[in-house]
$ cat upload.cif   # mmCIF, C-alpha atoms
data_run
loop_
_atom_site.label_atom_id
_atom_site.label_comp_id
_atom_site.auth_asym_id
_atom_site.auth_seq_id
_atom_site.Cartn_x
_atom_site.Cartn_y
_atom_site.Cartn_z
CA MET A 1 198.42 -38.91 -64.45
CA ALA A 2 200.41 -40.89 -61.92
CA HIS A 3 201.60 -37.63 -60.37
CA GLU A 4 198.03 -36.54 -59.65
CA GLN A 5 197.16 -39.79 -57.90
CA GLN A 6 200.38 -40.23 -55.96
CA PRO A 7 202.31 -36.99 -55.51
CA GLU A 8 205.99 -37.71 -54.96
CA LYS A 9 207.30 -36.86 -51.53
CA LEU A 10 209.98 -34.40 -50.56
CA ILE A 11 212.76 -36.45 -48.92
CA VAL A 12 215.10 -34.57 -46.56
CA ALA A 13 217.68 -36.51 -44.58
CA GLY A 14 215.63 -39.69 -44.99
CA ARG A 15 212.37 -38.07 -43.80
CA ALA A 16 209.42 -37.92 -46.19
CA PHE A 17 207.14 -34.87 -46.46
CA SER A 18 203.98 -34.50 -48.53
CA SER A 19 204.17 -30.70 -48.38
CA ARG A 20 206.94 -28.80 -50.16
CA LEU A 21 206.18 -25.57 -48.31
CA ILE A 22 208.10 -24.82 -45.10
CA ILE A 23 207.01 -21.82 -43.04
CA GLY A 24 208.57 -19.82 -40.23
CA THR A 25 207.41 -18.89 -36.73
CA GLY A 26 208.47 -15.24 -36.52
CA LYS A 27 206.74 -11.88 -37.11
CA TYR A 28 203.20 -13.17 -36.57
CA LYS A 29 200.85 -11.17 -34.34
CA SER A 30 200.42 -14.23 -32.14
CA TYR A 31 201.26 -17.93 -31.93
CA GLU A 32 197.56 -18.57 -32.56
CA GLU A 33 197.70 -16.76 -35.93
CA ASN A 34 200.92 -18.64 -36.72
CA ALA A 35 199.14 -21.93 -36.07
CA ARG A 36 196.20 -21.02 -38.32
CA ALA A 37 198.63 -20.02 -41.08
CA ALA A 38 200.52 -23.31 -40.75
CA GLU A 39 197.24 -25.18 -41.07
CA ALA A 40 196.19 -23.18 -44.15
CA ALA A 41 199.63 -23.68 -45.72
CA GLY A 42 199.42 -27.43 -45.26
CA ALA A 43 202.97 -27.22 -43.87
CA GLU A 44 204.57 -30.19 -42.13
CA MET A 45 207.80 -28.46 -41.13
CA VAL A 46 208.27 -25.12 -39.33
CA THR A 47 211.47 -23.23 -38.69
CA VAL A 48 212.09 -22.03 -35.16
CA ALA A 49 214.58 -19.31 -34.25
CA VAL A 50 215.78 -20.89 -31.04
CA ARG A 51 217.13 -17.57 -29.75
CA ARG A 52 213.83 -15.72 -30.22
CA VAL A 53 210.97 -18.15 -29.75
CA ASN A 54 209.75 -19.18 -26.30
CA LEU A 55 210.22 -22.93 -25.98
CA THR A 56 210.82 -23.26 -22.23
CA ASP A 57 209.24 -20.42 -20.18
CA ARG A 58 205.89 -21.80 -18.95
CA ASP A 59 204.84 -18.38 -17.58
CA LYS A 60 204.52 -17.01 -21.12
CA PRO A 61 202.76 -18.32 -24.25
CA MET A 62 204.79 -21.18 -25.68
CA LEU A 63 205.03 -22.11 -29.35
CA VAL A 64 204.58 -25.82 -28.61
CA ASP A 65 201.10 -25.12 -27.16
CA PHE A 66 199.95 -23.85 -30.57
CA LEU A 67 202.08 -25.80 -33.04
CA ASP A 68 202.17 -29.40 -31.84
CA PRO A 69 205.69 -30.86 -32.22
CA LYS A 70 204.01 -34.24 -32.87
CA LYS A 71 202.21 -32.76 -35.87
CA TYR A 72 204.96 -30.46 -37.20
CA VAL A 73 208.65 -31.19 -37.60
CA TYR A 74 210.46 -28.39 -35.79
CA LEU A 75 213.48 -27.10 -37.68
CA PRO A 76 215.64 -25.09 -35.25
CA ASN A 77 217.54 -22.34 -37.01
CA THR A 78 220.41 -20.04 -36.17
CA ALA A 79 218.75 -16.72 -37.07
CA GLY A 80 220.79 -13.84 -35.69
CA CYS A 81 224.12 -15.70 -35.72
CA PHE A 82 227.05 -13.96 -37.39
CA THR A 83 229.86 -16.47 -36.74
CA ALA A 84 230.27 -20.21 -37.14
CA ASP A 85 231.00 -20.60 -33.42
CA ASP A 86 227.80 -18.78 -32.48
CA ALA A 87 225.71 -20.94 -34.82
CA ILE A 88 227.25 -24.18 -33.55
CA ARG A 89 226.70 -23.20 -29.92
CA THR A 90 223.06 -22.27 -30.63
CA LEU A 91 222.27 -25.59 -32.31
CA ARG A 92 224.00 -27.65 -29.64
CA LEU A 93 221.83 -25.92 -27.03
CA ALA A 94 218.75 -26.61 -29.18
CA ARG A 95 219.64 -30.28 -29.42
CA GLU A 96 220.03 -30.49 -25.65
CA ALA A 97 216.69 -28.72 -25.13
CA GLY A 98 214.56 -30.59 -27.65
CA GLY A 99 216.61 -33.44 -29.05
CA TRP A 100 216.62 -31.89 -32.53
CA SER A 101 219.23 -33.10 -35.01
CA LEU A 102 217.64 -31.85 -38.28
CA VAL A 103 218.49 -28.15 -38.29
CA LYS A 104 218.63 -25.07 -40.48
CA LEU A 105 222.00 -23.36 -40.50
CA GLU A 106 222.31 -19.69 -41.33
CA VAL A 107 225.37 -17.56 -40.63
CA LEU A 108 224.82 -13.95 -41.63
CA ALA A 109 227.38 -11.42 -42.83
CA ASP A 110 225.82 -8.16 -41.62
CA GLN A 111 222.67 -6.64 -40.15
CA LYS A 112 221.83 -4.51 -43.18
CA THR A 113 221.58 -7.20 -45.87
CA LEU A 114 221.32 -10.38 -43.73
CA TYR A 115 223.31 -11.93 -46.59
CA PRO A 116 224.90 -15.31 -45.82
CA GLU A 117 228.56 -15.26 -44.77
CA MET A 118 229.58 -18.21 -46.92
CA GLU A 119 233.04 -18.90 -45.50
CA GLU A 120 231.65 -19.13 -41.94
CA THR A 121 228.61 -21.06 -43.19
CA LEU A 122 230.77 -23.74 -44.80
CA LYS A 123 232.98 -23.95 -41.69
CA ALA A 124 229.92 -24.33 -39.42
CA ALA A 125 228.31 -26.90 -41.73
CA ARG A 126 231.38 -29.15 -41.68
CA LEU A 127 231.66 -29.04 -37.90
CA LEU A 128 227.93 -29.61 -37.31
CA ILE A 129 227.82 -32.59 -39.69
CA LYS A 130 230.86 -34.06 -37.93
CA ASP A 131 228.92 -33.60 -34.68
CA GLY A 132 225.96 -35.65 -35.96
CA PHE A 133 223.61 -32.92 -37.13
CA GLU A 134 221.59 -33.13 -40.36
CA VAL A 135 222.10 -29.69 -41.85
CA MET A 136 219.76 -27.79 -44.14
CA VAL A 137 221.81 -24.77 -45.11
CA TYR A 138 220.84 -21.20 -46.06
CA CYS A 139 223.29 -19.94 -48.66
CA SER A 140 223.92 -17.43 -51.43
CA ASP A 141 222.78 -18.32 -54.94
CA ASP A 142 226.37 -19.17 -55.89
CA PRO A 143 226.55 -22.60 -57.57
CA VAL A 144 230.20 -23.04 -56.52
CA TYR A 145 229.49 -22.63 -52.80
CA ALA A 146 226.29 -24.66 -53.15
CA LYS A 147 228.36 -27.56 -54.48
CA LYS A 148 230.91 -27.21 -51.65
CA LEU A 149 228.08 -27.38 -49.10
CA GLU A 150 226.63 -30.47 -50.74
CA ASP A 151 230.07 -32.11 -50.86
CA ALA A 152 230.45 -31.30 -47.14
CA GLY A 153 227.36 -33.44 -46.50
CA CYS A 154 224.49 -30.96 -46.15
CA ALA A 155 221.03 -32.55 -46.30
CA ALA A 156 219.47 -29.68 -48.29
CA ILE A 157 220.81 -26.62 -50.11
CA MET A 158 218.75 -23.48 -49.50
CA PRO A 159 219.76 -20.60 -51.77
CA LEU A 160 218.15 -17.20 -51.27
CA GLY A 161 215.70 -15.93 -53.87
CA SER A 162 216.51 -12.40 -52.70
CA LEU A 163 217.33 -10.74 -49.37
CA ILE A 164 215.61 -12.04 -46.21
CA GLY A 165 212.30 -10.27 -45.62
CA SER A 166 212.57 -8.20 -48.82
CA GLY A 167 209.74 -9.81 -50.80
CA LEU A 168 211.64 -9.07 -54.01
CA GLY A 169 211.10 -12.57 -55.42
CA ILE A 170 213.55 -14.72 -57.38
CA LEU A 171 216.13 -12.23 -58.63
CA ASN A 172 218.58 -14.70 -60.15
CA PRO A 173 216.68 -17.58 -61.77
CA VAL A 174 219.73 -18.58 -63.83
CA ASN A 175 221.82 -19.36 -60.76
CA ILE A 176 218.96 -21.12 -58.98
CA ARG A 177 218.50 -23.30 -62.06
CA LEU A 178 222.24 -24.12 -62.13
CA ILE A 179 222.12 -25.13 -58.47
CA VAL A 180 219.08 -27.34 -59.11
CA GLU A 181 220.78 -29.05 -62.07
CA GLN A 182 223.98 -29.87 -60.20
CA SER A 183 222.48 -30.95 -56.86
CA SER A 184 221.62 -34.47 -55.79
CA VAL A 185 220.10 -33.28 -52.48
CA PRO A 186 216.91 -31.15 -52.24
CA VAL A 187 217.19 -27.51 -53.27
CA ILE A 188 214.79 -25.26 -51.36
CA VAL A 189 214.51 -21.54 -52.06
CA ASP A 190 214.84 -19.76 -48.73
CA ALA A 191 214.25 -16.00 -48.39
CA GLY A 192 212.88 -13.28 -50.62
CA VAL A 193 209.52 -14.74 -51.65
CA GLY A 194 206.84 -12.01 -51.50
CA THR A 195 203.74 -13.45 -53.11
CA ALA A 196 202.31 -16.63 -54.62
CA SER A 197 203.80 -16.10 -58.10
CA ASP A 198 207.32 -15.99 -56.58
CA ALA A 199 206.75 -19.40 -54.98
CA ALA A 200 205.44 -20.78 -58.28
CA VAL A 201 208.51 -19.46 -60.13
CA ALA A 202 210.85 -21.17 -57.65
CA MET A 203 209.05 -24.48 -58.15
CA GLU A 204 208.91 -24.09 -61.95
CA LEU A 205 212.71 -23.74 -61.93
CA GLY A 206 212.84 -27.26 -60.50
CA CYS A 207 213.35 -26.45 -56.81
CA ASP A 208 212.19 -29.15 -54.41
CA GLY A 209 210.53 -26.75 -52.01
CA VAL A 210 210.18 -23.19 -50.73
CA LEU A 211 210.76 -21.80 -47.25
CA MET A 212 209.14 -18.51 -46.27
CA ASN A 213 208.22 -16.46 -43.26
CA THR A 214 207.67 -12.74 -43.91
CA ALA A 215 205.61 -13.28 -47.09
CA ILE A 216 202.91 -14.93 -44.99
CA ALA A 217 203.40 -13.27 -41.59
CA GLU A 218 203.36 -9.71 -42.96
CA ALA A 219 200.56 -10.19 -45.50
CA LYS A 220 197.39 -8.23 -44.67
CA ASN A 221 195.62 -11.59 -44.28
CA PRO A 222 198.32 -14.12 -43.31
CA VAL A 223 196.00 -17.14 -43.24
CA LEU A 224 194.65 -16.42 -46.74
CA MET A 225 198.22 -15.83 -48.03
CA ALA A 226 199.31 -19.14 -46.49
CA SER A 227 196.58 -20.87 -48.49
CA ALA A 228 197.68 -19.04 -51.66
CA MET A 229 201.27 -20.19 -51.08
CA LYS A 230 200.15 -23.78 -50.65
CA HIS A 231 198.44 -23.74 -54.04
CA ALA A 232 201.33 -21.85 -55.70
CA VAL A 233 203.89 -24.43 -54.60
CA ILE A 234 201.69 -27.29 -55.81
CA ALA A 235 200.97 -25.55 -59.15
CA GLY A 236 204.63 -24.68 -59.72
CA ARG A 237 205.71 -28.24 -59.01
CA GLN A 238 203.10 -29.69 -61.38
CA ALA A 239 204.09 -27.22 -64.12
CA TYR A 240 207.74 -28.22 -63.74
CA LEU A 241 206.89 -31.93 -63.93
CA ALA A 242 204.57 -31.36 -66.90
CA GLY A 243 207.29 -29.59 -68.91
CA ARG A 244 206.27 -26.22 -70.29
CA MET A 245 205.83 -25.49 -73.99
CA PRO A 246 208.79 -23.83 -75.73
CA LYS A 247 208.71 -20.04 -76.07
CA LYS A 248 208.31 -18.94 -79.69
CA ARG A 249 209.06 -15.67 -81.44
CA TYR A 250 205.82 -15.63 -83.41
CA ALA A 251 202.20 -16.69 -83.05
CA ASP A 252 201.31 -20.32 -83.57
CA PRO A 253 197.60 -21.02 -84.22
CA SER A 254 195.89 -23.26 -81.72
CA SER A 255 194.04 -24.97 -84.57
CA PRO A 256 196.15 -26.42 -87.41
CA LEU A 257 195.77 -24.63 -90.77
CA ALA A 258 195.96 -27.84 -92.84
CA GLY A 259 192.71 -29.07 -94.33
CA LEU A 260 190.85 -25.74 -94.15
CA ILE A 261 187.95 -25.40 -96.58
#

$ encode --input "upload.cif" --output "structure tokens"
Amino acid sequence: MAHEQQPEKLIVAGRAFSSRLIIGTGKYKSYEENARAAEAAGAEMVTVAVRRVNLTDRDKPMLVDFLDPKKYVYLPNTAGCFTADDAIRTLRLAREAGGWSLVKLEVLADQKTLYPEMEETLKAARLLIKDGFEVMVYCSDDPVYAKKLEDAGCAAIMPLGSLIGSGLGILNPVNIRLIVEQSSVPVIVDAGVGTASDAAVAMELGCDGVLMNTAIAEAKNPVLMASAMKHAVIAGRQAYLAGRMPKKRYADPSSPLAGLI
């Protein structure tokens, strides 16, 4: 009952969040729709592709005019970076522009799969942490690399559920579960969620949060989907904390048979 009255917070790099749902700022029809989706999702953190989102040109619509940086924690990310050097340069520019030190690192291997290039990711993470950044890191669902990233000092481990933008859901629950069990920093599923049940599955596996963009932005009704995702993350977290019943091979009557007339 205590969990219902006082939901535990998600703690990332010493910052506390009530919401365990992080949403993106790409692919929406407009910044206005993005803002309504963020509101419906109850999100407190939004990822921002610093190479693609207008943060400085006052002659065009600016993200900050719709998503107030005082209300939402901006999480600059390195979307579109394919080398460690590129990612590091991008985040240093972001820090100069907005003073951001909490960042999302992603270094991709190729355009077709957008799969994380883990060698370059680990290299970039080490250098960024040395440079004073707090790094939330997008990675493969490989428990060995996840551990290396945690040991390097990453603030959160963010394994993919499936390929970015695919909506295929959690394809490897066994590996996600292994990563959750071994990690002492938050584990946040990042990429591949398509609908509310995918988000609930991630949370039921014990993940600390879910990050998504396309699942909301490309839904027929993004604002309604954002609301669905909010409830799915909460429900999945509560189910995990409650501890599900064991699966059984045969039926088990709801009412005990003993004492029947």

$ resolve_selection --input "upload.cif" --expression "the PyMOL selection byres ((chain A and resi 218) around 10)" --output "number ranges by chain"
A: 26-29, 165, 194, 213-217, 219-222, 225

$ closest_atom_pairs --input "upload.cif" --of "stretch 98-171 of chain A" --to "stretch 182-188 of chain A" --cutoff "10 Å" --atoms "only C-alpha atoms" --output "Markdown table"
| residue | atom | partner | partner_atom | distance |
| --- | --- | --- | --- | --- |
| A:Met136 | CA | A:Ile188 | CA | 9.1 |
| A:Val137 | CA | A:Ile188 | CA | 9.4 |
| A:Tyr138 | CA | A:Ile188 | CA | 9.0 |
| A:Pro143 | CA | A:Gln182 | CA | 8.1 |
| A:Val144 | CA | A:Gln182 | CA | 9.9 |
| A:Ala146 | CA | A:Ser183 | CA | 8.2 |
| A:Lys147 | CA | A:Ser183 | CA | 7.2 |
| A:Glu150 | CA | A:Val185 | CA | 7.3 |
| A:Asp151 | CA | A:Ser183 | CA | 9.7 |
| A:Gly153 | CA | A:Val185 | CA | 9.4 |
| A:Cys154 | CA | A:Val185 | CA | 8.0 |
| A:Ala155 | CA | A:Val185 | CA | 6.3 |
| A:Ala156 | CA | A:Pro186 | CA | 4.9 |
| A:Ile157 | CA | A:Val187 | CA | 4.9 |
| A:Met158 | CA | A:Ile188 | CA | 4.7 |
| A:Pro159 | CA | A:Ile188 | CA | 6.8 |
| A:Leu160 | CA | A:Ile188 | CA | 8.7 |
| A:Gly161 | CA | A:Ile188 | CA | 9.7 |

$ resolve_selection --input "upload.cif" --expression "the PyMOL selection byres ((chain A and resi 209) around 9)" --output "JSON, numbers by chain"
{"A": [10, 19, 20, 21, 22, 186, 187, 188, 189, 190, 199, 202, 203, 206, 207, 208, 210, 211, 233, 237]}

$ residues_near_point --input "upload.cif" --point "(209.9, -26.0, -36.9)" --cutoff "6 Å" --atoms "only C-alpha atoms" --output "list in words"
Met45, Val46, Thr47, Val48, Val73, Tyr74 and Leu75 of chain A

$ closest_residue --input "upload.cif" --among "A:Ala37, A:Ile176, A:Ala43, A:Ala228" --to "A:Ser18" --atoms "all atoms listed in the file"
A:Ala43

$ closest_residue --input "upload.cif" --among "A:Leu163, A:Ile179, A:Met62, A:Ala124" --to "A:Asp142" --atoms "all atoms listed in the file"
A:Ile179

$ atom_distance --input "upload.cif" --atom1 "atom CA of A:Thr90" --atom2 "atom CA of A:Thr78"
6.5 Å

$ atom_distance --input "upload.cif" --atom1 "atom CA of A:Trp100" --atom2 "atom CA of A:Met118"
23.7 Å

$ resolve_selection --input "upload.cif" --expression "the PyMOL selection byres ((chain A and resi 108-117) around 10)" --output "NGL selection string"
:A and (78-84 or 87 or 105-107 or 118-122 or 137-141 or 159-160 or 162-166)

$ closest_residue --input "upload.cif" --among "A:Val103, A:Ala235, A:Leu149, A:Leu128" --to "A:Val50" --atoms "only C-alpha atoms"
A:Val103

$ atom_distance --input "upload.cif" --atom1 "atom CA of A:Tyr250" --atom2 "atom CA of A:Glu181"
29.3 Å

$ closest_residue --input "upload.cif" --among "A:Leu168, A:Lys230, A:Leu178, A:Asp68" --to "A:Ala196" --atoms "all atoms listed in the file"
A:Lys230
